[in-house]
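Asks: Dropping in entry-v4.cif, with mmCIF, C-alpha atoms.
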```cif
data_run
loop_
_atom_site.label_atom_id
_atom_site.label_comp_id
_atom_site.auth_asym_id
_atom_site.auth_seq_id
_atom_site.Cartn_x
_atom_site.Cartn_y
_atom_site.Cartn_z
CA MET V 10 106.47 64.25 118.27
CA LYS V 11 107.86 67.74 117.60
CA THR V 12 106.74 67.54 113.97
CA PHE V 13 103.25 66.45 115.03
CA LEU V 14 102.91 69.38 117.44
CA THR V 15 104.10 71.81 114.78
CA LEU V 16 101.59 70.39 112.30
CA LEU V 17 98.80 70.55 114.89
CA ALA V 18 99.61 74.18 115.75
CA THR V 19 99.60 75.08 112.04
CA ILE V 20 96.20 73.44 111.50
CA ILE V 21 94.71 75.18 114.53
CA SER V 22 96.01 78.59 113.49
CA LEU V 23 94.74 78.16 109.92
CA SER V 24 91.35 77.03 111.22
CA ALA V 25 91.09 80.09 113.45
CA TYR V 26 92.11 82.33 110.54
CA THR V 27 89.44 80.77 108.31
CA LEU V 28 86.75 81.21 110.96
CA VAL V 29 87.62 84.86 111.39
CA GLY V 30 87.59 85.37 107.62
CA VAL V 31 84.15 83.79 107.27
CA ARG V 32 82.66 85.99 109.97
CA ALA V 33 84.18 89.23 108.72
CA LYS V 34 81.69 91.56 107.10
CA CYS V 35 82.20 94.85 105.36
CA PRO V 36 79.52 97.56 105.39
CA ILE V 37 78.54 98.91 101.99
CA CYS V 38 78.51 102.70 102.08
CA PRO V 39 75.49 104.35 100.46
CA GLY V 40 76.26 105.79 97.01
CA SER V 41 75.19 109.24 98.20
CA VAL V 42 74.06 110.98 101.37
CA ALA V 43 72.20 114.31 101.46
CA GLY V 44 72.74 114.73 97.72
CA THR V 45 76.52 114.25 97.97
CA ALA V 46 78.22 111.30 96.25
CA LEU V 47 80.45 108.89 98.16
CA GLY V 48 84.05 110.07 97.98
CA ASN V 49 85.96 107.47 99.98
CA GLN V 50 85.41 104.34 102.08
CA CYS V 51 87.92 102.66 104.38
CA THR V 52 88.01 100.52 107.53
CA PHE V 53 90.09 100.77 110.70
CA ASN V 54 89.67 98.59 113.81
CA GLY V 55 86.37 97.17 112.54
CA ILE V 56 84.76 100.55 111.86
CA THR V 57 84.09 101.57 108.25
CA ALA V 58 84.21 105.28 107.48
CA CYS V 59 82.20 106.61 104.56
CA GLN V 60 83.22 110.11 103.45
CA TYR V 61 80.96 112.37 101.42
CA PRO V 62 82.95 115.46 100.45
CA ASN V 63 81.04 118.64 99.88
CA ASP V 64 83.39 120.05 97.32
CA HIS V 65 81.08 121.53 94.70
CA VAL V 66 81.24 125.23 93.88
CA GLY V 67 79.57 127.34 96.55
CA ALA V 68 79.55 124.56 99.15
CA VAL V 69 78.57 125.81 102.59
CA ARG V 70 78.55 122.49 104.45
CA ASN V 71 81.48 120.46 105.78
CA PRO V 72 82.02 116.94 104.46
CA ILE V 73 79.71 114.27 105.89
CA TYR V 74 81.21 111.20 107.57
CA CYS V 75 79.23 108.06 108.36
CA TYR V 76 80.79 105.35 110.54
CA TYR V 77 79.45 101.77 110.51
CA ASN V 78 80.39 98.66 112.49
CA GLU V 79 80.85 95.24 110.87
CA ASN V 80 77.11 94.53 111.23
CA GLY V 81 76.23 97.60 109.14
CA SER V 82 74.87 99.59 112.08
CA LEU V 83 75.66 103.28 112.43
CA ASP V 84 78.47 103.62 114.97
CA LYS V 85 78.50 107.40 115.35
CA ASP V 86 75.29 109.30 114.92
CA SER V 87 74.79 111.75 112.09
CA ASN V 88 71.56 113.38 110.91
CA TYR V 89 72.39 112.57 107.30
CA CYS V 90 73.50 108.92 107.55
CA PRO V 91 71.19 105.90 107.29
CA LYS V 92 71.00 103.98 110.59
CA THR V 93 71.87 100.67 108.89
CA VAL V 94 73.48 99.60 105.62
CA ASN V 95 73.94 96.27 103.85
CA THR V 96 77.15 94.28 104.30
CA ASN V 97 79.12 91.89 102.15
CA ASN V 98 81.82 89.31 102.84
CA ASN V 99 84.47 91.06 100.74
CA ALA V 100 87.59 92.43 102.35
CA CYS V 101 87.13 95.98 103.58
CA PRO V 102 89.59 98.53 102.16
CA ALA V 103 91.98 99.61 104.92
CA CYS V 104 92.42 103.25 105.89
CA HIS V 105 95.89 104.62 105.15
#
```
Write the structure described by the file as structure tokens, please.

Replies:
Amino acid sequence: MKTFLTLLATIISLSAYTLVGVRAKCPICPGSVAGTALGNQCTFNGITACQYPNDHVGAVRNPIYCYYNENGSLDKDSNYCPKTVNTNNNACPACH
């Protein structure tokens, strides 16, 4: 009986893990925003941050950050960022 319960618990946990993995989506950051190329993309707590550094010579603007939820909708408003982006089912790179 103990072995059966252990096996059942393992199957349930793996099923839940698979379901979560299937539903997970990763926003695809635009290649550039306001003429600035994408510098970095990472995800923390379901929010994907897209960073567009403004590091060219004579830059007068701070870097642009766009934050998207797992559905590809803009999470924090910015004048430069598209309101929605496409998503894929690949694993999102984690922020370090």

Asks: The PyMOL selection byres ((chain V and resi 80-85) around 10) - which residues does that actually catch in the file I just gave you? List them as number ranges by chain.

Replies: V: 33-38, 55-58, 74-79, 86-87, 90-97

Asks: What does the structure give for the distance between CA of His105 (chain V) and CA of Ala43 (chain V), in Å to one decimal?

Replies: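 Distance between the two atoms: 25.9 Å.
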
Asks: I'd like the interatomic distance between CA of Gln50 (chain V) and CA of Pro72 (chain V), to a tenth of an Å.

Replies: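 Those two atoms sit 13.3 Å apart.
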
Asks: May I ask for the distance between CA of Cys104 (chain V) and CA of Cys59 (chain V), given in Å to one decimal place?

Replies: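 Distance reported for this atom pair: 10.8 Å.
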
Asks: If we count all atoms listed in the file, what is near Ala103 (chain V) at a cut-off of 7 Å, once residues fewer than 3 positions away on the same chain are taken out, given as a PyMOL selection string?

Replies: chain V and resi 51-53

Asks: To test the calculation: enclose all listed atoms of region 89-97 of chain V in a box whose edges run along x, y and z, add 8 Å on each side, then state centre and edge lengths in Å to one decimal, as JSON.

Replies:
```
{"center_x": 75.1, "center_y": 102.2, "center_z": 106.4, "size_x": 24.1, "size_y": 36.7, "size_z": 24.4}
```

Asks: Can you spit out region 44-60 of chain V with all heavy atoms, as an mmCIF file, in the first residue's frame, from the structure just given?

Replies:
```
data_model
loop_
_atom_site.group_PDB
_atom_site.id
_atom_site.type_symbol
_atom_site.label_atom_id
_atom_site.label_comp_id
_atom_site.auth_asym_id
_atom_site.auth_seq_id
_atom_site.Cartn_x
_atom_site.Cartn_y
_atom_site.Cartn_z
ATOM 1 N N GLY V 44 14.305 52.862 -31.977
ATOM 2 C CA GLY V 44 15.595 52.894 -32.653
ATOM 3 C C GLY V 44 16.740 52.291 -31.874
ATOM 4 O O GLY V 44 17.892 52.385 -32.289
ATOM 5 N N THR V 45 16.461 51.663 -30.742
ATOM 6 C CA THR V 45 17.511 51.059 -29.915
ATOM 7 C C THR V 45 17.342 49.546 -29.909
ATOM 8 O O THR V 45 16.258 49.040 -29.623
ATOM 9 C CB THR V 45 17.438 51.598 -28.470
ATOM 10 O OG1 THR V 45 17.530 53.020 -28.503
ATOM 11 C CG2 THR V 45 18.549 51.048 -27.614
ATOM 12 N N ALA V 46 18.396 48.820 -30.208
ATOM 13 C CA ALA V 46 18.358 47.357 -30.273
ATOM 14 C C ALA V 46 18.200 46.730 -28.894
ATOM 15 O O ALA V 46 18.666 47.282 -27.885
ATOM 16 C CB ALA V 46 19.625 46.830 -30.937
ATOM 17 N N LEU V 47 17.545 45.575 -28.860
ATOM 18 C CA LEU V 47 17.376 44.817 -27.627
ATOM 19 C C LEU V 47 18.744 44.457 -27.061
ATOM 20 O O LEU V 47 19.613 43.949 -27.774
ATOM 21 C CB LEU V 47 16.582 43.546 -27.896
ATOM 22 C CG LEU V 47 16.389 42.584 -26.724
ATOM 23 C CD1 LEU V 47 15.529 43.231 -25.635
ATOM 24 C CD2 LEU V 47 15.728 41.294 -27.211
ATOM 25 N N GLY V 48 18.938 44.733 -25.782
ATOM 26 C CA GLY V 48 20.206 44.423 -25.132
ATOM 27 C C GLY V 48 20.134 43.177 -24.282
ATOM 28 O O GLY V 48 21.055 42.369 -24.258
ATOM 29 N N ASN V 49 19.009 42.982 -23.580
ATOM 30 C CA ASN V 49 18.894 41.866 -22.659
ATOM 31 C C ASN V 49 17.424 41.543 -22.447
ATOM 32 O O ASN V 49 16.575 42.429 -22.510
ATOM 33 C CB ASN V 49 19.555 42.217 -21.323
ATOM 34 C CG ASN V 49 19.694 41.012 -20.414
ATOM 35 O OD1 ASN V 49 19.732 39.875 -20.864
ATOM 36 N ND2 ASN V 49 19.769 41.257 -19.122
ATOM 37 N N GLN V 50 17.131 40.264 -22.193
ATOM 38 C CA GLN V 50 15.783 39.810 -21.875
ATOM 39 C C GLN V 50 15.884 38.766 -20.786
ATOM 40 O O GLN V 50 16.686 37.839 -20.881
ATOM 41 C CB GLN V 50 15.121 39.193 -23.098
ATOM 42 C CG GLN V 50 13.797 38.528 -22.801
ATOM 43 C CD GLN V 50 13.156 37.912 -24.038
ATOM 44 O OE1 GLN V 50 13.557 38.174 -25.161
ATOM 45 N NE2 GLN V 50 12.147 37.093 -23.828
ATOM 46 N N CYS V 51 15.073 38.924 -19.715
ATOM 47 C CA CYS V 51 15.040 37.905 -18.675
ATOM 48 C C CYS V 51 13.687 37.959 -17.971
ATOM 49 O O CYS V 51 12.943 38.927 -18.098
ATOM 50 C CB CYS V 51 16.188 38.073 -17.691
ATOM 51 S SG CYS V 51 16.134 39.559 -16.680
ATOM 52 N N THR V 52 13.377 36.885 -17.240
ATOM 53 C CA THR V 52 12.069 36.748 -16.598
ATOM 54 C C THR V 52 12.230 36.473 -15.112
ATOM 55 O O THR V 52 13.078 35.677 -14.710
ATOM 56 C CB THR V 52 11.274 35.612 -17.263
ATOM 57 O OG1 THR V 52 11.137 35.905 -18.656
ATOM 58 C CG2 THR V 52 9.901 35.459 -16.641
ATOM 59 N N PHE V 53 11.394 37.135 -14.316
ATOM 60 C CA PHE V 53 11.362 36.934 -12.863
ATOM 61 C C PHE V 53 9.907 37.001 -12.406
ATOM 62 O O PHE V 53 9.204 37.964 -12.736
ATOM 63 C CB PHE V 53 12.198 38.005 -12.150
ATOM 64 C CG PHE V 53 12.246 37.846 -10.666
ATOM 65 C CD1 PHE V 53 13.009 36.840 -10.086
ATOM 66 C CD2 PHE V 53 11.518 38.678 -9.842
ATOM 67 C CE1 PHE V 53 13.055 36.676 -8.709
ATOM 68 C CE2 PHE V 53 11.559 38.530 -8.469
ATOM 69 C CZ PHE V 53 12.327 37.520 -7.898
ATOM 70 N N ASN V 54 9.462 35.993 -11.684
ATOM 71 C CA ASN V 54 8.084 35.928 -11.171
ATOM 72 C C ASN V 54 7.039 36.146 -12.265
ATOM 73 O O ASN V 54 6.051 36.852 -12.070
ATOM 74 C CB ASN V 54 7.868 36.938 -10.046
ATOM 75 C CG ASN V 54 8.502 36.508 -8.746
ATOM 76 O OD1 ASN V 54 8.822 35.335 -8.557
ATOM 77 N ND2 ASN V 54 8.702 37.437 -7.845
ATOM 78 N N GLY V 55 7.263 35.566 -13.436
ATOM 79 C CA GLY V 55 6.285 35.634 -14.512
ATOM 80 C C GLY V 55 6.283 36.916 -15.322
ATOM 81 O O GLY V 55 5.491 37.086 -16.231
ATOM 82 N N ILE V 56 7.180 37.842 -15.010
ATOM 83 C CA ILE V 56 7.273 39.101 -15.754
ATOM 84 C C ILE V 56 8.595 39.098 -16.534
ATOM 85 O O ILE V 56 9.661 38.883 -15.966
ATOM 86 C CB ILE V 56 7.220 40.334 -14.822
ATOM 87 C CG1 ILE V 56 5.910 40.350 -14.033
ATOM 88 C CG2 ILE V 56 7.389 41.623 -15.622
ATOM 89 C CD1 ILE V 56 4.655 40.480 -14.880
ATOM 90 N N THR V 57 8.494 39.323 -17.838
ATOM 91 C CA THR V 57 9.682 39.377 -18.684
ATOM 92 C C THR V 57 10.105 40.828 -18.876
ATOM 93 O O THR V 57 9.286 41.671 -19.243
ATOM 94 C CB THR V 57 9.419 38.714 -20.043
ATOM 95 O OG1 THR V 57 9.147 37.324 -19.824
ATOM 96 C CG2 THR V 57 10.614 38.855 -20.976
ATOM 97 N N ALA V 58 11.356 41.099 -18.586
ATOM 98 C CA ALA V 58 11.922 42.439 -18.755
ATOM 99 C C ALA V 58 12.740 42.471 -20.035
ATOM 100 O O ALA V 58 13.576 41.606 -20.270
ATOM 101 C CB ALA V 58 12.807 42.791 -17.562
ATOM 102 N N CYS V 59 12.463 43.464 -20.860
ATOM 103 C CA CYS V 59 13.218 43.689 -22.094
ATOM 104 C C CYS V 59 13.991 44.989 -21.908
ATOM 105 O O CYS V 59 13.393 46.029 -21.646
ATOM 106 C CB CYS V 59 12.275 43.815 -23.288
ATOM 107 S SG CYS V 59 11.069 42.481 -23.437
ATOM 108 N N GLN V 60 15.292 44.931 -22.024
ATOM 109 C CA GLN V 60 16.128 46.122 -21.806
ATOM 110 C C GLN V 60 16.705 46.591 -23.133
ATOM 111 O O GLN V 60 17.274 45.807 -23.893
ATOM 112 C CB GLN V 60 17.267 45.820 -20.850
ATOM 113 C CG GLN V 60 18.190 47.005 -20.636
ATOM 114 C CD GLN V 60 19.465 46.640 -19.915
ATOM 115 O OE1 GLN V 60 19.889 45.496 -19.920
ATOM 116 N NE2 GLN V 60 20.068 47.624 -19.288
#
```
